[in-house]
Amino acid sequence: MATDTTSARPAPEPPEVPGRRPMLIGKGWVQAVAIVMLFGFFVMGILAYRTYTDSMPQPAKVVTPAGATVFTSEDITAGQELFQARGLMQYGSILGHGAYLGPDFTADYLRRSTEIARSQQVAAGTPDPNGAVVQEYRTNRYDPGTETLTFTEGQAKAFSSLKGHYAQFFGLDSTANGLVPRVVTDPQEIHQLTSFFAWTAWAAAAERPGHSYSYTNNWPAEPRVENGPTADVVVWSVLSLIVLLGGTGAMFAVYGRWSRDIGWHSAESPTIAFRQPGSVGLTRAQRASAWFFFVIALLFVAQTLLGAAAEHYRADLLSFFGFDLAQWLPYNLARTWHLQLSLFWTAAAFLAAGIFLTPFIAGREPRHQHTLAYILLGAVAVVVFGSMAAEALSIHGVSWATGPLFAQQWEYLDLPFVFQCLLVAGLFIWIAIIYRGIRGRLKRESRGNMPWLFFFSALAIPAFYAVGLLARTDTTFSVAEFWRFWVVHLWVEDFLELFTTVMVAYIFVMLGVVREKIALGVIFLDVILYSAGGVIGTMHHLYFSGTPVEHMALGAFFSAAEVIPLTFLTVEAWSFLQLGSRQESRSGAPFPHRWAVMFLVAVGFWNFLGAGVFGFLINLPIVSYYEIGTALTANHAHAAMMGVYGMLAVGLAMFALRYLIPADKWPDKLAKISFWSLNIGLAWMVFATLLPLGVLQLYQSVGSGYFEARSLGFITTPGNALLEWARLPGDVVFIAGGALPFLWITWLGLRHFRSGETVTELPEDVLFTELVPAKSRPSE
């Protein structure tokens with residue numbers, strides 16, 4: 001008979017269920033955030049409805065006056081899908097959106113078709129051929145009842161003639177245009193592509209019912225159809241300037257009044273000693289993040305090399321130092337991979353940083369957390385390398401590489417739909433890892449405190465990226481652009497910015513540099529400032545995408561307000577930089593994160609210059625009207641994407657690697673070289689090439705025309721080619737002095753990721769020791 005021993009054991013004590021820690025700041029902050037968010041997304045809901053109901057119509061069929069079919073809605077959609085699948089949106093642009101080597105195919109078709117129409121009018125002896133062409137193209141012959149668009153005989157003949165032009169352009173048996181030879185040759189596909197171009201060109205000239213401007217607000221500037229800036233373009237540009245000046249003045253007034261109560265300051269902080277990296281134990285999942293950082297650095301190096309290759313096409317289109325690179329790596333494939341990797345490696349850095357910070361926040365790590373981290377790393381590898389292979393097959397036109405597993409999609413969302421779904425799933429796996437790690441801490445905290453903000457801001461990343469799934473390859477262009485820019489703008493510039501702010505603030509709280517209450521104030525203030533302009537400001541991308549004019553009005557008005565918080569961040573950057581040094585002066589131990597903090601300060605600088613100044617420059621409707629799709633857009637994109645999210649990703653990696661690499665192995669000089677080389681190289685890239693070239697292109701667009709400014713003939717002029725070559729020294733500094741040393745530092749982290757003590761429980765203040773509590777010191 002078995003002996004029952006349970007009665008001999010002491011009864012387990014009931015688990016302690018502590019009460020929730022109260023919210024450290026007033027409810028007014030939460031209410032203010034809620035009001036800003038509700039207002040912003042309420043307006044976005046109205047704009048979404050208007051996008052679906054009043055954007056440029058896609059006709060069921062286009063016919064001649066005699067009733068013969070020119071092309072159908074199915075042709076337009078098939079041409080749009082082919083345009084994406086062959087990576088042509090990463091070669092040229094459509095309605096101003098896309099890449100900058102090839103033409104804007106809307107402007108290109110509009111110019112060429114009106115030239116053909118004018119020749120026909122001259123041949124017919126029309127007294128005023130120019131006026132006749134204007135009348136022919138601006139008259140809207142679309143019947144919404146039958147969804148039928150009637151082309152004139154001249155427009156139909158121009159369509160037939162331009163099919164031959166595009167058959168020759170895309171069927172060229174060489175790489176002279178920067179594309180693979182014979183990229184599109186099938187007559188039916190040429191018909192579909194031309195249909196897509198013709199539809200957007202029609203919408204760019206035909207007057208919107210009830211108005212004297214076209215569906216695209218008279219974009220592009222084309223005198224042959226009397227397209228010029230509308231009253232809305234001018235008026236909302238002026239009002240945007242007023243918003244910027246008035247808002248900035250109000251911000252400085254508020255800051256001057258309450259500067260001691262808002263922003264980064266440490267008056268209430270205790271005297272502490274920073275725990276040096278060698279004395280900090282790490283969990284197994286934190287050590288697993290070393291693999292993430294090494295892969296991130298590899299992707300970063302690959303992205304910079306691809307960027308250099310894409311840039312070389314603009315300097316020398318016909319040869320890559322004597323090698324015909326376009327046979328294997330055409331411009332559109334190089335740019336596709338360059339853009340995709342820029343998103344992949346920076347987003348992966350956020351994933352790794354989240355995994356690394358979670359045990360510090362929770363004070364413990366659940367079992368098998370490191371296994372989930374490795375599974376996530378494998379999922380990231382499948383998405384990155386699988387999507388890149390699929391994009392290459394799609395662009396090269398491999399016959400069997402079709403469908404959602406292979407077909408490339410919209411710019412920035414280029415990865416095929418299946419991989420896009422896998423990426424969303426991978427991001428939710430990351431959320432599960434984060435939640436699993438900190439759920440015990442969440443139970444003890446008010447939902448307004450730092451742990452919950454960390455979780456909510458992380459959750460917003462997969463949630464708002466998933467919105468991009470609504471922009472399918474067959475979605476009507478205006479609707480697809482609306483949802484695409486929820487990812488390109490709203491996801492990147494608002495919700496990634498939110499997660500950035502929370503992570504940086506949490507790092508400084510964990511280092512003991514600021515109190516949690518101060519950090520919470522910064523976070524809530526940033527959310528309010530960013531979201532007030534950033535949510536509705538998304539519409540500044542849709543000025544000329546066939547959406548109603550209110551998208552321009554609201555987009556211009558609120559995007560001007562986006563510069564205001566960036567100005568505030570610049571003012572606060574000095575205080576941010578001084579936080580560590582102030583505590584270091586009180587501490588007996590050195591501050592171990594000088595270069596991580598320097599990268600975070602660089603984020604503030606480039607946020608103001610790249611996202612703020614350069615972004616506002618091109619966001620004014622009157623400027624955007626002439627410059628969209630020129631080098632000024634690329635100038636803003638490089639300064640903002642690399643300057644903000646790239647520098648942030650490297651800074652987060654430096655913070656984690658400082659603990660992963662033994663103190664005696666830490667390469668401080670390499671970190672210094674990497675920091676200065678990345679910033680100098682980026683500044684060189686911007687000021688030596690992209691900004692001056694963009695200004696010249698803008699001047700050409702205003703003076704001669706948008707078609708001329710986007711032509712290869714203008715881009716490859718000797719002066720412009722010299723500016724393109726001038727970027728080479730900056731690229732060398734950026735890659736050799738910045739990216740490669742960073743790769744070596746991550747390699748050191750991988751080599752030594754098992755060094756030091758491995759723990760499952762961490763002390764409450766794991767990164768610092770409090771020497772003199774704040775309350776025992778005289779008030780400052």
# chains A, B, ... in the order shown; residues from 1 in each chain; ligands from 1
call {"tool": "residues_around", "arguments": {"residues": "Thr501 in chain A", "least_positions_apart": "5", "cutoff": "9 Å", "atoms": "only C-alpha atoms", "output": "MDAnalysis selection string"}}
result
chainID A and resid 496 506 522:523 526:527
call {"tool": "write_last_selection", "arguments": {"atoms": "N, CA and C atoms", "output": "PDB file, in the first residue's frame"}}
result
ATOM      1  N   LEU A 496       5.891  53.943 -35.189  1.00  0.00           N
ATOM      2  CA  LEU A 496       7.288  53.601 -34.919  1.00  0.00           C
ATOM      3  C   LEU A 496       7.942  54.684 -34.069  1.00  0.00           C
ATOM      4  N   TYR A 506      12.450  54.458 -21.638  1.00  0.00           N
ATOM      5  CA  TYR A 506      12.599  53.336 -20.711  1.00  0.00           C
ATOM      6  C   TYR A 506      14.079  53.042 -20.445  1.00  0.00           C
ATOM      7  N   VAL A 522       7.288  62.906 -20.915  1.00  0.00           N
ATOM      8  CA  VAL A 522       7.869  63.047 -22.259  1.00  0.00           C
ATOM      9  C   VAL A 522       7.102  62.195 -23.261  1.00  0.00           C
ATOM     10  N   ILE A 523       6.794  60.957 -22.887  1.00  0.00           N
ATOM     11  CA  ILE A 523       6.098  60.046 -23.805  1.00  0.00           C
ATOM     12  C   ILE A 523       4.730  60.592 -24.178  1.00  0.00           C
ATOM     13  N   ASP A 526       4.990  63.654 -26.388  1.00  0.00           N
ATOM     14  CA  ASP A 526       5.371  63.308 -27.754  1.00  0.00           C
ATOM     15  C   ASP A 526       4.211  62.682 -28.525  1.00  0.00           C
ATOM     16  N   VAL A 527       3.450  61.806 -27.859  1.00  0.00           N
ATOM     17  CA  VAL A 527       2.296  61.188 -28.532  1.00  0.00           C
ATOM     18  C   VAL A 527       1.315  62.257 -28.987  1.00  0.00           C
TER      19      VAL A 527
END
call {"tool": "select_by_dssp", "arguments": {"residues": "range 14-178 of chain A", "states": "strand (DSSP E or B)", "output": "list of chain:residue names"}}
result
A:Arg21, A:Lys61, A:Val62, A:Val63, A:Thr69, A:Val70, A:Phe71, A:Thr72, A:Ser93, A:Ile94, A:His97, A:Gly98, A:Asp104, A:Tyr142, A:Asp143, A:Thr148, A:Leu149, A:Thr150
call {"tool": "closest_residue", "arguments": {"among": "A:Ala631, A:Leu743, A:Ile94, A:Ile116", "to": "Ala156 in chain A", "atoms": "only C-alpha atoms"}}
result
A:Ile116
call {"tool": "select_by_dssp", "arguments": {"residues": "range 56-192 of chain A", "states": "alpha helix (DSSP H)", "output": "ChimeraX atom specification"}}
result
/A:73-85,105-123,129-138,153-170,187-192
call {"tool": "write_last_selection", "arguments": {"atoms": "C-alpha atoms", "output": "mmCIF file, in the first residue's frame"}}
result
data_model
loop_
_atom_site.group_PDB
_atom_site.id
_atom_site.type_symbol
_atom_site.label_atom_id
_atom_site.label_comp_id
_atom_site.auth_asym_id
_atom_site.auth_seq_id
_atom_site.Cartn_x
_atom_site.Cartn_y
_atom_site.Cartn_z
ATOM 1 C CA SER A 73 -11.327 48.093 -66.693
ATOM 2 C CA GLU A 74 -9.806 44.612 -66.717
ATOM 3 C CA ASP A 75 -7.033 45.906 -68.992
ATOM 4 C CA ILE A 76 -6.325 48.780 -66.595
ATOM 5 C CA THR A 77 -6.124 46.452 -63.593
ATOM 6 C CA ALA A 78 -3.963 43.919 -65.449
ATOM 7 C CA GLY A 79 -1.634 46.723 -66.552
ATOM 8 C CA GLN A 80 -1.415 47.994 -62.975
ATOM 9 C CA GLU A 81 -0.546 44.498 -61.722
ATOM 10 C CA LEU A 82 2.063 44.071 -64.465
ATOM 11 C CA PHE A 83 3.504 47.500 -63.626
ATOM 12 C CA GLN A 84 4.109 46.273 -60.084
ATOM 13 C CA ALA A 85 5.166 42.712 -60.923
ATOM 14 C CA PHE A 105 4.458 57.337 -66.974
ATOM 15 C CA THR A 106 1.395 59.517 -66.343
ATOM 16 C CA ALA A 107 3.246 62.641 -67.426
ATOM 17 C CA ASP A 108 5.005 60.729 -70.193
ATOM 18 C CA TYR A 109 1.767 59.427 -71.724
ATOM 19 C CA LEU A 110 0.036 62.796 -71.356
ATOM 20 C CA ARG A 111 2.842 64.662 -73.136
ATOM 21 C CA ARG A 112 3.241 62.130 -75.941
ATOM 22 C CA SER A 113 -0.488 61.712 -76.549
ATOM 23 C CA THR A 114 -1.097 65.474 -76.704
ATOM 24 C CA GLU A 115 1.786 65.858 -79.164
ATOM 25 C CA ILE A 116 0.158 63.224 -81.375
ATOM 26 C CA ALA A 117 -3.240 64.886 -80.996
ATOM 27 C CA ARG A 118 -1.795 68.274 -81.920
ATOM 28 C CA SER A 119 -0.173 66.812 -85.044
ATOM 29 C CA GLN A 120 -3.559 65.432 -86.053
ATOM 30 C CA GLN A 121 -5.196 68.829 -85.534
ATOM 31 C CA VAL A 122 -2.528 70.528 -87.621
ATOM 32 C CA ALA A 123 -2.928 67.942 -90.380
ATOM 33 C CA PRO A 129 -4.628 73.296 -82.829
ATOM 34 C CA ASN A 130 -3.389 74.045 -79.302
ATOM 35 C CA GLY A 131 -6.807 75.188 -78.130
ATOM 36 C CA ALA A 132 -8.425 72.208 -79.799
ATOM 37 C CA VAL A 133 -6.125 69.817 -77.916
ATOM 38 C CA VAL A 134 -6.906 71.567 -74.601
ATOM 39 C CA GLN A 135 -10.636 71.265 -75.303
ATOM 40 C CA GLU A 136 -10.242 67.625 -76.362
ATOM 41 C CA TYR A 137 -8.379 66.531 -73.218
ATOM 42 C CA ARG A 138 -10.071 68.668 -70.563
ATOM 43 C CA GLU A 153 -10.914 59.738 -82.371
ATOM 44 C CA GLY A 154 -7.699 61.646 -81.722
ATOM 45 C CA GLN A 155 -7.295 60.173 -78.225
ATOM 46 C CA ALA A 156 -7.979 56.677 -79.550
ATOM 47 C CA LYS A 157 -5.416 57.094 -82.337
ATOM 48 C CA ALA A 158 -2.871 58.407 -79.815
ATOM 49 C CA PHE A 159 -3.485 55.324 -77.665
ATOM 50 C CA SER A 160 -2.853 53.016 -80.630
ATOM 51 C CA SER A 161 0.317 54.905 -81.567
ATOM 52 C CA LEU A 162 1.672 54.885 -78.006
ATOM 53 C CA LYS A 163 1.253 51.129 -77.746
ATOM 54 C CA GLY A 164 3.971 50.982 -80.387
ATOM 55 C CA HIS A 165 6.143 53.417 -78.428
ATOM 56 C CA TYR A 166 5.919 51.419 -75.184
ATOM 57 C CA ALA A 167 6.418 48.144 -77.059
ATOM 58 C CA GLN A 168 9.706 49.570 -78.317
ATOM 59 C CA PHE A 169 10.672 51.038 -74.928
ATOM 60 C CA PHE A 170 10.024 47.907 -72.860
ATOM 61 C CA PRO A 187 1.463 42.474 -77.243
ATOM 62 C CA GLN A 188 -1.398 41.862 -74.816
ATOM 63 C CA GLU A 189 0.747 42.965 -71.858
ATOM 64 C CA ILE A 190 1.846 46.076 -73.762
ATOM 65 C CA HIS A 191 -1.833 46.840 -74.399
ATOM 66 C CA GLN A 192 -2.571 46.460 -70.683
#
call {"tool": "closest_residue", "arguments": {"among": "A:Glu764, A:Thr473, A:Ile507, A:Gly468", "to": "Trp491 in chain A", "atoms": "only C-alpha atoms"}}
result
A:Gly468
call {"tool": "closest_residue", "arguments": {"among": "A:Val502, A:Ala308, A:Phe417, A:Gly749", "to": "Met685 in chain A", "atoms": "only C-alpha atoms"}}
result
A:Ala308
call {"tool": "closest_atom_pairs", "arguments": {"of": "range 737-762 of chain A", "to": "range 285-294 of chain A", "cutoff": "10 Å", "atoms": "only C-alpha atoms", "output": "tab-separated table"}}
result
residue	atom	partner	partner_atom	distance
A:Phe742	CA	A:Phe294	CA	9.2
A:Leu743	CA	A:Phe294	CA	6.7
A:Trp744	CA	A:Phe294	CA	8.7
A:Ile745	CA	A:Phe294	CA	8.5
A:Thr746	CA	A:Phe294	CA	4.9
A:Trp747	CA	A:Phe294	CA	6.0
A:Leu748	CA	A:Phe294	CA	9.0
A:Gly749	CA	A:Ala290	CA	5.8
A:Leu750	CA	A:Ala290	CA	5.2
A:Arg751	CA	A:Ala290	CA	8.9
A:His752	CA	A:Ala290	CA	8.9
A:Phe753	CA	A:Arg287	CA	5.5
A:Arg754	CA	A:Arg287	CA	6.7
A:Ser755	CA	A:Arg287	CA	9.0
A:Thr758	CA	A:Arg287	CA	8.5
A:Thr760	CA	A:Ala285	CA	9.7
call {"tool": "closest_residue", "arguments": {"among": "A:Val733, A:Ile433, A:Ala460, A:Leu306", "to": "Asp494 in chain A", "atoms": "only C-alpha atoms"}}
result
A:Ala460
call {"tool": "residues_around", "arguments": {"residues": "Leu490 in chain A", "least_positions_apart": "4", "cutoff": "8 Å", "atoms": "only C-alpha atoms", "output": "list in words"}}
result
Phe485, Trp486, Asp494, Phe495, Gly534, Val535 and Thr538 of chain A
call {"tool": "residues_around", "arguments": {"residues": "Gly533 in chain A", "least_positions_apart": "3", "cutoff": "10 Å", "atoms": "only C-alpha atoms", "output": "list in words"}}
result
Val36, Gly40, Asp494, Ile528, Leu529, Tyr530, Ile536, Gly537, Thr538, Leu554, Gly555, Ala556, Phe557, Phe558, Ser559, Ala560, Ala561, Glu562, Val563, Ile564 and Pro565 of chain A
call {"tool": "write_last_selection", "arguments": {"atoms": "N, CA and C atoms", "output": "compact mmCIF listing (two decimals), in the first residue's frame"}}
result
# COMPACT_ATOMS: atom_id res chain seq x y z
N VAL A 36 -6.92 63.44 -29.01
CA VAL A 36 -6.15 63.62 -30.24
C VAL A 36 -6.32 62.43 -31.17
N GLY A 40 -8.21 62.46 -34.78
CA GLY A 40 -7.42 62.13 -35.97
C GLY A 40 -8.02 60.98 -36.75
N ASP A 494 4.49 57.83 -37.12
CA ASP A 494 3.74 58.04 -35.89
C ASP A 494 3.94 56.88 -34.92
N ILE A 528 1.05 63.21 -28.12
CA ILE A 528 0.10 64.28 -28.46
C ILE A 528 0.63 65.11 -29.62
N LEU A 529 1.91 65.53 -29.53
CA LEU A 529 2.47 66.39 -30.57
C LEU A 529 2.58 65.68 -31.91
N TYR A 530 3.07 64.42 -31.89
CA TYR A 530 3.22 63.68 -33.15
C TYR A 530 1.86 63.38 -33.77
N ILE A 536 -3.51 62.89 -39.52
CA ILE A 536 -4.17 63.48 -40.70
C ILE A 536 -3.11 63.95 -41.71
N GLY A 537 -1.92 64.29 -41.22
CA GLY A 537 -0.84 64.71 -42.12
C GLY A 537 -0.44 63.65 -43.12
N THR A 538 -0.87 62.39 -42.90
CA THR A 538 -0.61 61.32 -43.86
C THR A 538 -1.10 61.71 -45.25
N LEU A 554 -6.53 69.16 -45.88
CA LEU A 554 -6.23 68.65 -44.54
C LEU A 554 -4.80 68.13 -44.46
N GLY A 555 -4.33 67.48 -45.52
CA GLY A 555 -2.95 66.97 -45.52
C GLY A 555 -1.94 68.08 -45.38
N ALA A 556 -2.13 69.17 -46.12
CA ALA A 556 -1.20 70.30 -46.05
C ALA A 556 -1.26 70.97 -44.69
N PHE A 557 -2.48 71.21 -44.19
CA PHE A 557 -2.65 71.92 -42.93
C PHE A 557 -2.02 71.17 -41.77
N PHE A 558 -2.29 69.87 -41.69
CA PHE A 558 -1.81 69.11 -40.53
C PHE A 558 -0.36 68.63 -40.70
N SER A 559 0.10 68.44 -41.93
CA SER A 559 1.50 68.04 -42.08
C SER A 559 2.44 69.17 -41.70
N ALA A 560 1.98 70.43 -41.85
CA ALA A 560 2.80 71.56 -41.38
C ALA A 560 3.00 71.48 -39.88
N ALA A 561 1.99 70.99 -39.16
CA ALA A 561 2.09 70.87 -37.71
C ALA A 561 3.08 69.79 -37.29
N GLU A 562 3.44 68.87 -38.22
CA GLU A 562 4.38 67.81 -37.87
C GLU A 562 5.77 68.36 -37.56
N VAL A 563 6.10 69.52 -38.10
CA VAL A 563 7.43 70.09 -37.88
C VAL A 563 7.57 70.60 -36.46
N ILE A 564 6.46 70.95 -35.83
CA ILE A 564 6.51 71.57 -34.50
C ILE A 564 7.12 70.64 -33.46
N PRO A 565 6.66 69.37 -33.33
CA PRO A 565 7.30 68.50 -32.34
C PRO A 565 8.76 68.20 -32.67
call {"tool": "residues_around", "arguments": {"residues": "Phe477 in chain A", "least_positions_apart": "3", "cutoff": "8 Å", "atoms": "only C-alpha atoms", "output": "number ranges by chain"}}
result
A: 480-481, 545
call {"tool": "write_last_selection", "arguments": {"atoms": "N, CA and C atoms", "output": "compact mmCIF listing (two decimals), in the first residue's frame"}}
result
# COMPACT_ATOMS: atom_id res chain seq x y z
N ALA A 480 -5.64 52.23 -53.19
CA ALA A 480 -4.39 51.56 -52.80
C ALA A 480 -3.41 52.55 -52.20
N GLU A 481 -3.31 53.74 -52.80
CA GLU A 481 -2.40 54.76 -52.28
C GLU A 481 -2.81 55.20 -50.88
N SER A 545 -3.20 62.19 -56.23
CA SER A 545 -3.43 60.77 -56.49
C SER A 545 -4.86 60.47 -56.92
call {"tool": "closest_residue", "arguments": {"among": "A:Ala66, A:Val235, A:Ala315, A:Ala389", "to": "Leu722 in chain A", "atoms": "only C-alpha atoms"}}
result
A:Ala315
call {"tool": "residues_around", "arguments": {"residues": "Leu38 in chain A", "least_positions_apart": "4", "cutoff": "12 Å", "atoms": "only C-alpha atoms", "output": "compact mmCIF listing (two decimals) with C-alpha atoms, in the first residue's frame"}}
result
# COMPACT_ATOMS: atom_id res chain seq x y z
CA GLN A 31 -7.52 62.04 -21.85
CA ALA A 32 -5.55 64.41 -24.07
CA VAL A 33 -4.03 61.49 -26.01
CA ALA A 34 -7.46 59.90 -26.38
CA PHE A 42 -12.44 60.11 -37.04
CA VAL A 43 -11.23 62.49 -39.74
CA MET A 44 -9.25 59.69 -41.39
CA GLY A 45 -12.44 57.61 -41.45
CA ILE A 528 0.10 64.28 -28.46
CA SER A 531 -0.36 62.48 -33.50
CA ALA A 532 -1.90 65.94 -33.69
CA VAL A 535 -2.29 61.16 -38.34
CA ILE A 536 -4.17 63.48 -40.70
